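Shown next, in C-alpha cells, is the structure this report addresses.
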Amino acid sequence: MTDSDLRETQAPLKETYEADPEAAQITLTATGAEAADATACSVEVGEAMYEAELHEGAGGSGTAACSGDLLLGALAACAQLTAQAVIENFGVDAAVSVAVEGDLDLRGTMGVADVPVGFQDIRLDVTLSGDLDPETAASIRDATERYCVVYRTLVESPDVTPEWTFEG
C-alpha cells in the first residue's frame with residue numbers, strides 16, 4: 001500500500017468516527033479452548049487459531065508459544081503496524097523494525113516464592129532507519145507511542161473485570 005492509499009483508506013473512516021463517535025466503538029475478542037493435554041490450549045483471535053502452551057519452565061513442552069510470548073507478540077505487532085502507518089501518513093521514506101523482550105520470574109506463577117506473577121520489565125526496541133531529521137524521527141516515535149493500542153494498554157493498565165461462571 002502506498003502513502004496515498006493508506007490515507008485514502010483511512011480518510012472516510014476518520015470522517016465517520018468524527019461524525020458518529022459510536023461507530024468507532026468496537027469489541028475485540030479472543031477465546032481459549034482446552035486441548036487434550038492440560039499444558040496446552042487453542043486460542044482463537046480474530047479469524048486465526050493459535051496453539052499455546054505453558055512455558056517450558058512451567059511444565060510445557062516448549063513446542064508452542066506461551067501466553068507471555070503471545071503478549072509480547074501482540075506488543076511487537078501493534079508497535080510495528082502503528083509505526084508503519086505513522087510513517088506512511090507522514091509521507092517519509094523510512095523503515096522500521098521492532099523487537100520486544102520481557103523478564104519474568106517463573107517462581108511467582110509456580111507458587112514457589114513470594115515474587116510477582118507476570119512481567120517485571122518489558123523492553124520495546126524500535127529501530128527507525130532512513131534519511132530523517134531528528135525532529136521527524138521524534139514525531140514518528142511520539143505518534144507511534146500515542147496511537148499503539150497494545151503499548152497504551154500496557155502503560156495505562158486498564159481495569160480487567162473477571163467474570164467466572166460455575167456450571168454444575
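Residues are named by chain letter and number: chains run A, B, ... in the order of the C-alpha cells, numbers start at 1 in each chain, and ligands are numbered from 1 in the order shown.
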Hey, which bits of segment 41-77 of chain A sit within 9 Å of segment 115-127 of chain A, and for each residue what's the closest pair of atoms and how far apart in Å (one decimal), counting only C-alpha atoms, rows by chain and increasing number, as CSV?
residue,atom,partner,partner_atom,distance
A:Gly68,CA,A:Phe119,CA,8.2
A:Leu72,CA,A:Ile122,CA,8.3
A:Leu75,CA,A:Leu124,CA,8.1
A:Ala76,CA,A:Leu124,CA,7.7
Would you write out those residues with C-alpha atoms, as a PDB file, in the first residue's frame?
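This is the output file part-v9.pdb:
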ATOM      1  CA  GLY A  68       3.807 -14.403  27.669  1.00  0.00           C
ATOM      2  CA  LEU A  72       4.955  -9.752  23.704  1.00  0.00           C
ATOM      3  CA  LEU A  75       3.018  -5.581  21.500  1.00  0.00           C
ATOM      4  CA  ALA A  76       5.526  -6.192  18.702  1.00  0.00           C
TER       5      ALA A  76
END
Using the chain letters and numbers from this document, which residues of segment 43-131 of chain A does DSSP assign to strand (DSSP E), as a ChimeraX atom specification?
/A:43-45,48-53,94-104,119-130
Write the selection just made, keeping C-alpha atoms, as a tab-separated table (two decimals), in the first residue's frame?
chain	number	residue	atom	x	y	z
A	43	VAL	CA	-6.72	-19.59	21.25
A	44	GLU	CA	-8.95	-18.03	18.64
A	45	VAL	CA	-8.02	-14.43	17.91
A	48	ALA	CA	-6.92	-17.08	13.31
A	49	MET	CA	-6.40	-20.02	15.63
A	50	TYR	CA	-3.18	-20.30	17.62
A	51	GLU	CA	-1.83	-23.13	19.71
A	52	ALA	CA	-0.45	-22.12	23.09
A	53	GLU	CA	1.02	-23.98	26.00
A	94	ALA	CA	11.78	5.30	6.35
A	95	ALA	CA	11.78	1.73	7.55
A	96	VAL	CA	11.02	0.39	10.98
A	97	SER	CA	11.64	-2.84	12.85
A	98	VAL	CA	10.50	-3.83	16.32
A	99	ALA	CA	11.81	-6.29	18.91
A	100	VAL	CA	10.24	-6.93	22.31
A	101	GLU	CA	11.71	-8.70	25.33
A	102	GLY	CA	10.18	-9.30	28.73
A	103	ASP	CA	11.60	-10.51	32.02
A	104	LEU	CA	9.64	-12.59	34.49
A	119	PHE	CA	6.45	-9.48	33.65
A	120	GLN	CA	8.62	-7.27	35.82
A	121	ASP	CA	10.14	-5.49	32.83
A	122	ILE	CA	9.26	-5.23	29.14
A	123	ARG	CA	11.64	-3.68	26.63
A	124	LEU	CA	10.27	-2.36	23.35
A	125	ASP	CA	13.14	-1.76	20.92
A	126	VAL	CA	12.09	0.18	17.83
A	127	THR	CA	14.67	0.82	15.11
A	128	LEU	CA	13.85	3.57	12.67
A	129	SER	CA	16.05	3.92	9.60
A	130	GLY	CA	16.07	6.33	6.72
Which residues, written as a ChimeraX atom specification, have at least one atom at most 12 Å from Gly91 of chain A, with only C-alpha atoms counted and residues fewer than 3 positions away on the same chain left out?
/A:2-7,84-88,94-95,132,136,140
Any chance you could export the current selection's N, CA and C atoms as a CSV table (one decimal), in the first residue's frame?
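Dumped to selection_26.csv:
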chain,number,residue,atom,x,y,z
A,2,THR,N,0.6,2.2,-0.8
A,2,THR,CA,1.4,3.4,-0.9
A,2,THR,C,0.9,4.4,0.2
A,3,ASP,N,1.6,5.5,0.4
A,3,ASP,CA,1.3,6.5,1.3
A,3,ASP,C,-0.2,7.0,1.0
A,4,SER,N,-0.4,7.3,-0.2
A,4,SER,CA,-1.7,7.9,-0.5
A,4,SER,C,-2.8,6.9,-0.4
A,5,ASP,N,-2.6,5.6,-0.6
A,5,ASP,CA,-3.6,4.5,-0.4
A,5,ASP,C,-4.0,4.4,1.0
A,6,LEU,N,-3.1,4.5,1.9
A,6,LEU,CA,-3.5,4.4,3.3
A,6,LEU,C,-4.3,5.6,3.8
A,7,ARG,N,-3.8,6.8,3.4
A,7,ARG,CA,-4.5,8.0,3.7
A,7,ARG,C,-5.9,7.9,3.1
A,84,GLN,N,4.5,1.7,11.1
A,84,GLN,CA,4.4,1.7,9.6
A,84,GLN,C,3.3,2.7,9.1
A,85,ALA,N,2.2,2.6,9.8
A,85,ALA,CA,1.1,3.5,9.4
A,85,ALA,C,1.5,5.0,9.6
A,86,VAL,N,2.1,5.3,10.7
A,86,VAL,CA,2.5,6.6,11.0
A,86,VAL,C,3.5,7.1,9.9
A,87,ILE,N,4.5,6.3,9.6
A,87,ILE,CA,5.5,6.6,8.6
A,87,ILE,C,4.8,6.9,7.2
A,88,GLU,N,3.8,6.0,6.9
A,88,GLU,CA,3.1,6.2,5.7
A,88,GLU,C,2.3,7.5,5.7
A,94,ALA,N,11.1,5.9,5.2
A,94,ALA,CA,11.8,5.3,6.3
A,94,ALA,C,11.3,3.9,6.5
A,95,ALA,N,12.1,3.1,7.2
A,95,ALA,CA,11.8,1.7,7.5
A,95,ALA,C,11.8,1.6,9.1
A,132,LEU,N,16.1,10.8,7.9
A,132,LEU,CA,15.1,11.5,8.7
A,132,LEU,C,15.9,12.5,9.5
A,136,THR,N,11.6,14.9,12.8
A,136,THR,CA,10.7,14.0,12.2
A,136,THR,C,10.7,12.6,12.9
A,140,ILE,N,7.6,10.8,14.7
A,140,ILE,CA,7.2,9.4,14.4
A,140,ILE,C,7.2,8.6,15.7
Please report as JSON lines every residue of segment 2-81 of chain A lying within 12 Å of segment 151-161 of chain A, along with the nearest atom pair and their distance in Å (one decimal), using only C-alpha atoms.
{"residue": "A:Leu71", "atom": "CA", "partner": "A:Leu154", "partner_atom": "CA", "distance": 10.0}
{"residue": "A:Leu72", "atom": "CA", "partner": "A:Tyr151", "partner_atom": "CA", "distance": 10.2}
{"residue": "A:Gly73", "atom": "CA", "partner": "A:Tyr151", "partner_atom": "CA", "distance": 11.5}
{"residue": "A:Ala74", "atom": "CA", "partner": "A:Tyr151", "partner_atom": "CA", "distance": 9.2}
{"residue": "A:Leu75", "atom": "CA", "partner": "A:Tyr151", "partner_atom": "CA", "distance": 6.2}
{"residue": "A:Ala76", "atom": "CA", "partner": "A:Tyr151", "partner_atom": "CA", "distance": 9.1}
{"residue": "A:Ala77", "atom": "CA", "partner": "A:Tyr151", "partner_atom": "CA", "distance": 10.3}
{"residue": "A:Cys78", "atom": "CA", "partner": "A:Tyr151", "partner_atom": "CA", "distance": 7.6}
{"residue": "A:Ala79", "atom": "CA", "partner": "A:Tyr151", "partner_atom": "CA", "distance": 7.2}
{"residue": "A:Gln80", "atom": "CA", "partner": "A:Tyr151", "partner_atom": "CA", "distance": 11.0}
{"residue": "A:Leu81", "atom": "CA", "partner": "A:Tyr151", "partner_atom": "CA", "distance": 11.9}
As a ChimeraX atom specification, please: every residue in segment 17-146 of chain A that a backbone DSSP assignment puts in helix (DSSP H, G or I).
/A:17-19,21-24,56-58,67-90,106-110,134-146
Between atom CA of Leu106 of chain A and atom CA of Glu56 of chain A - distance in Å to one decimal:
10.2 Å
